[in-house]
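As stored in input_17.tsv (TSV, C-alpha atoms):
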```tsv
chain	number	residue	atom	x	y	z
A	22	ALA	CA	42.47	19.83	50.18
A	23	ALA	CA	40.88	19.51	46.76
A	24	PRO	CA	37.25	20.54	46.37
A	25	ALA	CA	34.81	17.63	46.40
A	26	ARG	CA	33.46	16.59	43.01
A	27	PRO	CA	29.83	15.71	42.62
A	28	PRO	CA	29.27	12.00	42.01
A	29	ALA	CA	29.32	11.05	38.31
A	30	ALA	CA	25.90	10.39	36.86
A	31	VAL	CA	25.41	6.94	35.46
A	32	ALA	CA	24.58	7.37	31.80
A	33	GLY	CA	21.98	5.04	30.39
A	34	PRO	CA	21.02	4.64	26.78
A	35	PRO	CA	19.70	7.80	25.14
A	36	ALA	CA	15.96	8.23	24.92
A	37	PRO	CA	14.46	7.11	21.61
A	38	GLY	CA	14.64	9.81	18.97
A	39	THR	CA	17.18	11.94	20.87
A	40	ARG	CA	20.34	10.38	19.50
A	41	ALA	CA	21.94	12.14	16.57
A	42	PRO	CA	22.65	10.01	13.50
A	43	ALA	CA	26.17	8.68	13.38
A	44	GLU	CA	28.53	10.50	11.07
A	45	VAL	CA	30.25	8.18	8.66
A	46	ALA	CA	33.81	9.15	7.97
A	47	LEU	CA	34.76	8.34	4.40
A	48	PRO	CA	38.38	7.99	3.39
A	49	ALA	CA	39.90	10.95	1.52
A	50	TRP	CA	40.04	8.91	-1.70
A	51	ALA	CA	36.29	8.16	-1.68
A	52	PRO	CA	34.38	9.96	-4.45
A	53	ASP	CA	31.60	12.44	-3.71
A	54	ALA	CA	28.07	11.06	-3.41
A	55	ASP	CA	27.18	12.29	-6.91
A	56	GLU	CA	30.09	10.38	-8.41
A	57	ARG	CA	29.73	7.03	-6.60
A	58	GLY	CA	27.55	5.30	-9.17
A	59	VAL	CA	24.04	4.80	-10.37
A	60	LEU	CA	21.10	2.66	-9.42
A	61	ASP	CA	19.28	0.91	-12.23
A	62	ILE	CA	15.90	-0.61	-11.52
A	63	ALA	CA	14.83	-3.35	-13.91
A	64	PRO	CA	11.65	-2.73	-15.90
A	65	SER	CA	10.19	-5.91	-14.40
A	66	VAL	CA	10.43	-4.30	-10.94
A	67	LEU	CA	8.77	-1.13	-12.19
A	68	ARG	CA	6.04	-3.27	-13.77
A	69	ALA	CA	5.46	-5.04	-10.44
A	70	ILE	CA	5.18	-1.68	-8.66
A	71	VAL	CA	2.59	-0.48	-11.20
A	72	GLU	CA	0.54	-3.68	-10.99
A	73	HIS	CA	0.62	-3.70	-7.19
A	74	ALA	CA	-0.34	-0.01	-6.99
A	75	THR	CA	-3.28	-0.73	-9.31
A	76	ASP	CA	-4.42	-3.56	-7.03
A	77	LEU	CA	-4.47	-1.12	-4.09
A	78	VAL	CA	-7.11	1.09	-5.72
A	79	PRO	CA	-10.72	0.31	-4.76
A	80	GLY	CA	-12.77	-0.55	-7.82
A	81	THR	CA	-10.08	-2.58	-9.60
A	82	LEU	CA	-10.60	-6.33	-9.83
A	83	HIS	CA	-8.84	-9.44	-11.00
A	84	ARG	CA	-10.46	-11.22	-13.89
A	85	GLU	CA	-11.01	-14.94	-14.32
A	86	ARG	CA	-8.53	-16.78	-16.48
A	87	ARG	CA	-10.00	-19.57	-18.54
A	88	VAL	CA	-8.39	-22.11	-20.81
A	89	ALA	CA	-10.76	-24.07	-23.05
A	90	GLY	CA	-13.66	-22.87	-20.90
A	91	VAL	CA	-12.12	-24.11	-17.64
A	92	GLU	CA	-11.29	-21.60	-14.94
A	93	VAL	CA	-7.56	-21.74	-14.16
A	94	GLY	CA	-7.27	-18.92	-11.65
A	95	ASP	CA	-7.36	-15.19	-11.96
A	96	ALA	CA	-5.27	-12.46	-13.54
A	97	GLY	CA	-4.72	-8.99	-12.20
A	98	PRO	CA	-3.75	-5.83	-13.99
A	99	ARG	CA	-1.11	-6.10	-16.72
A	100	ALA	CA	1.43	-3.37	-17.31
A	101	ARG	CA	4.06	-2.72	-19.95
A	102	ILE	CA	6.86	-0.36	-19.02
A	103	SER	CA	9.29	1.67	-21.09
A	104	ALA	CA	11.84	3.61	-19.03
A	105	SER	CA	14.39	6.21	-20.03
A	106	GLY	CA	16.30	8.23	-17.48
A	107	ASP	CA	14.09	8.83	-14.47
A	108	ALA	CA	10.81	8.74	-16.42
A	109	VAL	CA	8.56	5.87	-17.46
A	110	ASP	CA	5.88	5.32	-20.04
A	111	VAL	CA	3.24	2.88	-18.84
A	112	ARG	CA	0.57	0.94	-20.73
A	113	LEU	CA	-1.84	-0.62	-18.26
A	114	GLU	CA	-4.73	-3.02	-18.79
A	115	LEU	CA	-7.18	-3.60	-15.95
A	116	THR	CA	-10.65	-4.77	-15.00
A	117	CYS	CA	-13.00	-2.46	-13.10
A	118	ALA	CA	-15.88	-3.17	-10.76
A	119	TYR	CA	-19.39	-2.73	-12.12
A	120	PRO	CA	-21.40	-0.58	-11.48
A	121	ALA	CA	-18.81	1.98	-10.47
A	122	PRO	CA	-17.72	5.19	-12.17
A	123	VAL	CA	-14.93	3.99	-14.47
A	124	ARG	CA	-13.49	7.50	-14.88
A	125	ASP	CA	-13.12	7.90	-11.12
A	126	THR	CA	-11.47	4.49	-10.80
A	127	VAL	CA	-9.03	5.21	-13.63
A	128	ALA	CA	-8.20	8.64	-12.17
A	129	ALA	CA	-7.46	7.01	-8.80
A	130	VAL	CA	-5.29	4.39	-10.54
A	131	ARG	CA	-3.31	7.11	-12.35
A	132	ALA	CA	-2.68	8.99	-9.10
A	133	LYS	CA	-1.73	5.86	-7.13
A	134	VAL	CA	0.63	4.55	-9.83
A	135	ALA	CA	2.41	7.90	-10.09
A	136	GLU	CA	2.68	8.17	-6.30
A	137	GLU	CA	4.06	4.64	-5.80
A	138	LEU	CA	6.57	4.84	-8.66
A	139	GLU	CA	7.92	8.10	-7.24
A	140	ARG	CA	7.94	6.86	-3.65
A	141	LEU	CA	9.43	3.43	-4.21
A	142	ALA	CA	11.68	3.88	-7.23
A	143	GLY	CA	12.17	7.62	-7.71
A	144	TYR	CA	10.69	7.49	-11.22
A	145	ARG	CA	8.14	9.94	-12.58
A	146	VAL	CA	5.35	8.92	-14.94
A	147	ARG	CA	5.77	10.59	-18.33
A	148	SER	CA	2.72	8.89	-19.84
A	149	LEU	CA	0.14	6.40	-18.60
A	150	ALA	CA	-2.27	4.79	-21.06
A	151	VAL	CA	-5.02	2.83	-19.34
A	152	THR	CA	-7.20	0.27	-21.09
A	153	VAL	CA	-10.22	-1.03	-19.22
A	154	SER	CA	-10.52	-4.53	-20.66
A	155	GLY	CA	-13.53	-5.61	-18.64
A	156	LEU	CA	-16.20	-4.80	-16.11
A	157	ARG	CA	-17.25	-7.30	-13.45
A	158	GLY	CA	-19.65	-7.19	-10.62
A	159	ALA	CA	-17.76	-7.01	-7.35
A	160	THR	CA	-17.86	-10.37	-5.64
A	161	GLY	CA	-17.41	-11.31	-2.03
A	162	PRO	CA	-14.77	-13.69	-0.78
A	163	ALA	CA	-14.43	-16.79	-2.94
A	164	GLN	CA	-16.34	-19.81	-1.72
A	165	PRO	CA	-14.24	-22.91	-1.16
A	166	ARG	CA	-14.57	-25.42	-3.99
A	167	ILE	CA	-14.69	-28.36	-1.60
A	168	ARG	CA	-17.51	-28.45	0.93
```
Just dump the structure as structure tokens.
Amino acid sequence: AAPARPPAAVAGPPAPGTRAPAEVALPAWAPDADERGVLDIAPSVLRAIVEHATDLVPGTLHRERRVAGVEVGDAGPRARISASGDAVDVRLELTCAYPAPVRDTVAAVRAKVAEELERLAGYRVRSLAVTVSGLRGATGPAQPRIR
């Protein structure tokens, strides 16, 4: 008589975080990862990253846009980007809150822009020229125009 086997355990799904990543088998003709191609990110995307990162820094504000003396909304920071290779040159214009230390705000903007460009796009900041085009008192939430 054959020895008795223990009953087979019913396998459920693996616990979260315990499953190894799946190995992807590439065909023999597939090029190495370094030779597969390049990723180009449009300067307009890099500009959007810079402007958004600037908005995240406390002490930066949007300024009122006026046409012929009539308020037509607001405008946030404006960036111009020049990219070559994996480095970018940035010219940034922004409005800061008053009274706040402008140097501290600009230093925080520089750090945040560099961090976000590296994190999101893999670009490093070669140069970052910041122009503070205005100071405004920080305001609370906008009041509705219709009451």
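Restricting the calculation to all atoms listed in the file, the smallest distance between Arg84 in chain A and any of A:Asp125, A:Glu136, A:Pro98, A:Ala51 is found for A:Pro98.
CA of Leu82 in chain A to CA of Ala63 in chain A spans 25.9 Å [interatomic distance, one decimal].
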One-decimal distance in Å that lies between CA of Leu67 in chain A and CA of Asp95 in chain A: 21.4 Å
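Across A:Val59, A:Val91, A:Val78, A:Val130, the tightest approach to Leu113 in chain A is made by A:Val130 when counting only C-alpha atoms.
Here CA of Pro79 in chain A is placed at a distance of 15.4 Å from CA of Glu137 in chain A.
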All residues 12 Å or closer to Ile102 in chain A, only C-alpha atoms, same chain fewer than 6 positions away omitted, as a PyMOL selection string: chain A and resi 62-72+108-114+138+144+146-150
Minimum-distance residue to His73 in chain A, chosen among A:Val123, A:Val151, A:Leu156, A:Leu115 (using all atoms listed in the file): A:Leu115
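Of the listed residues (A:Ala74, A:Ala49, A:Cys117, A:Leu60), A:Ala74 comes nearest to Ala135 in chain A; the distances count only C-alpha atoms.
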Per-axis box centre and lengths in Å around range 145-153 of chain A, 5 Å margin per side, axis-aligned, as lines of an AutoDock Vina configuration file:
```
center_x = -1.0
center_y = 4.8
center_z = -16.8
size_x = 28.4
size_y = 21.6
size_z = 18.5
```
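Of the listed residues (A:Gly80, A:Arg131, A:Arg145, A:Arg124), A:Arg145 comes nearest to Ser103 in chain A; the distances count all atoms listed in the file.
Restricting the calculation to only C-alpha atoms, the smallest distance between Asp76 in chain A and any of A:Val153, A:Pro48, A:Gly97, A:Gly106 is found for A:Gly97.
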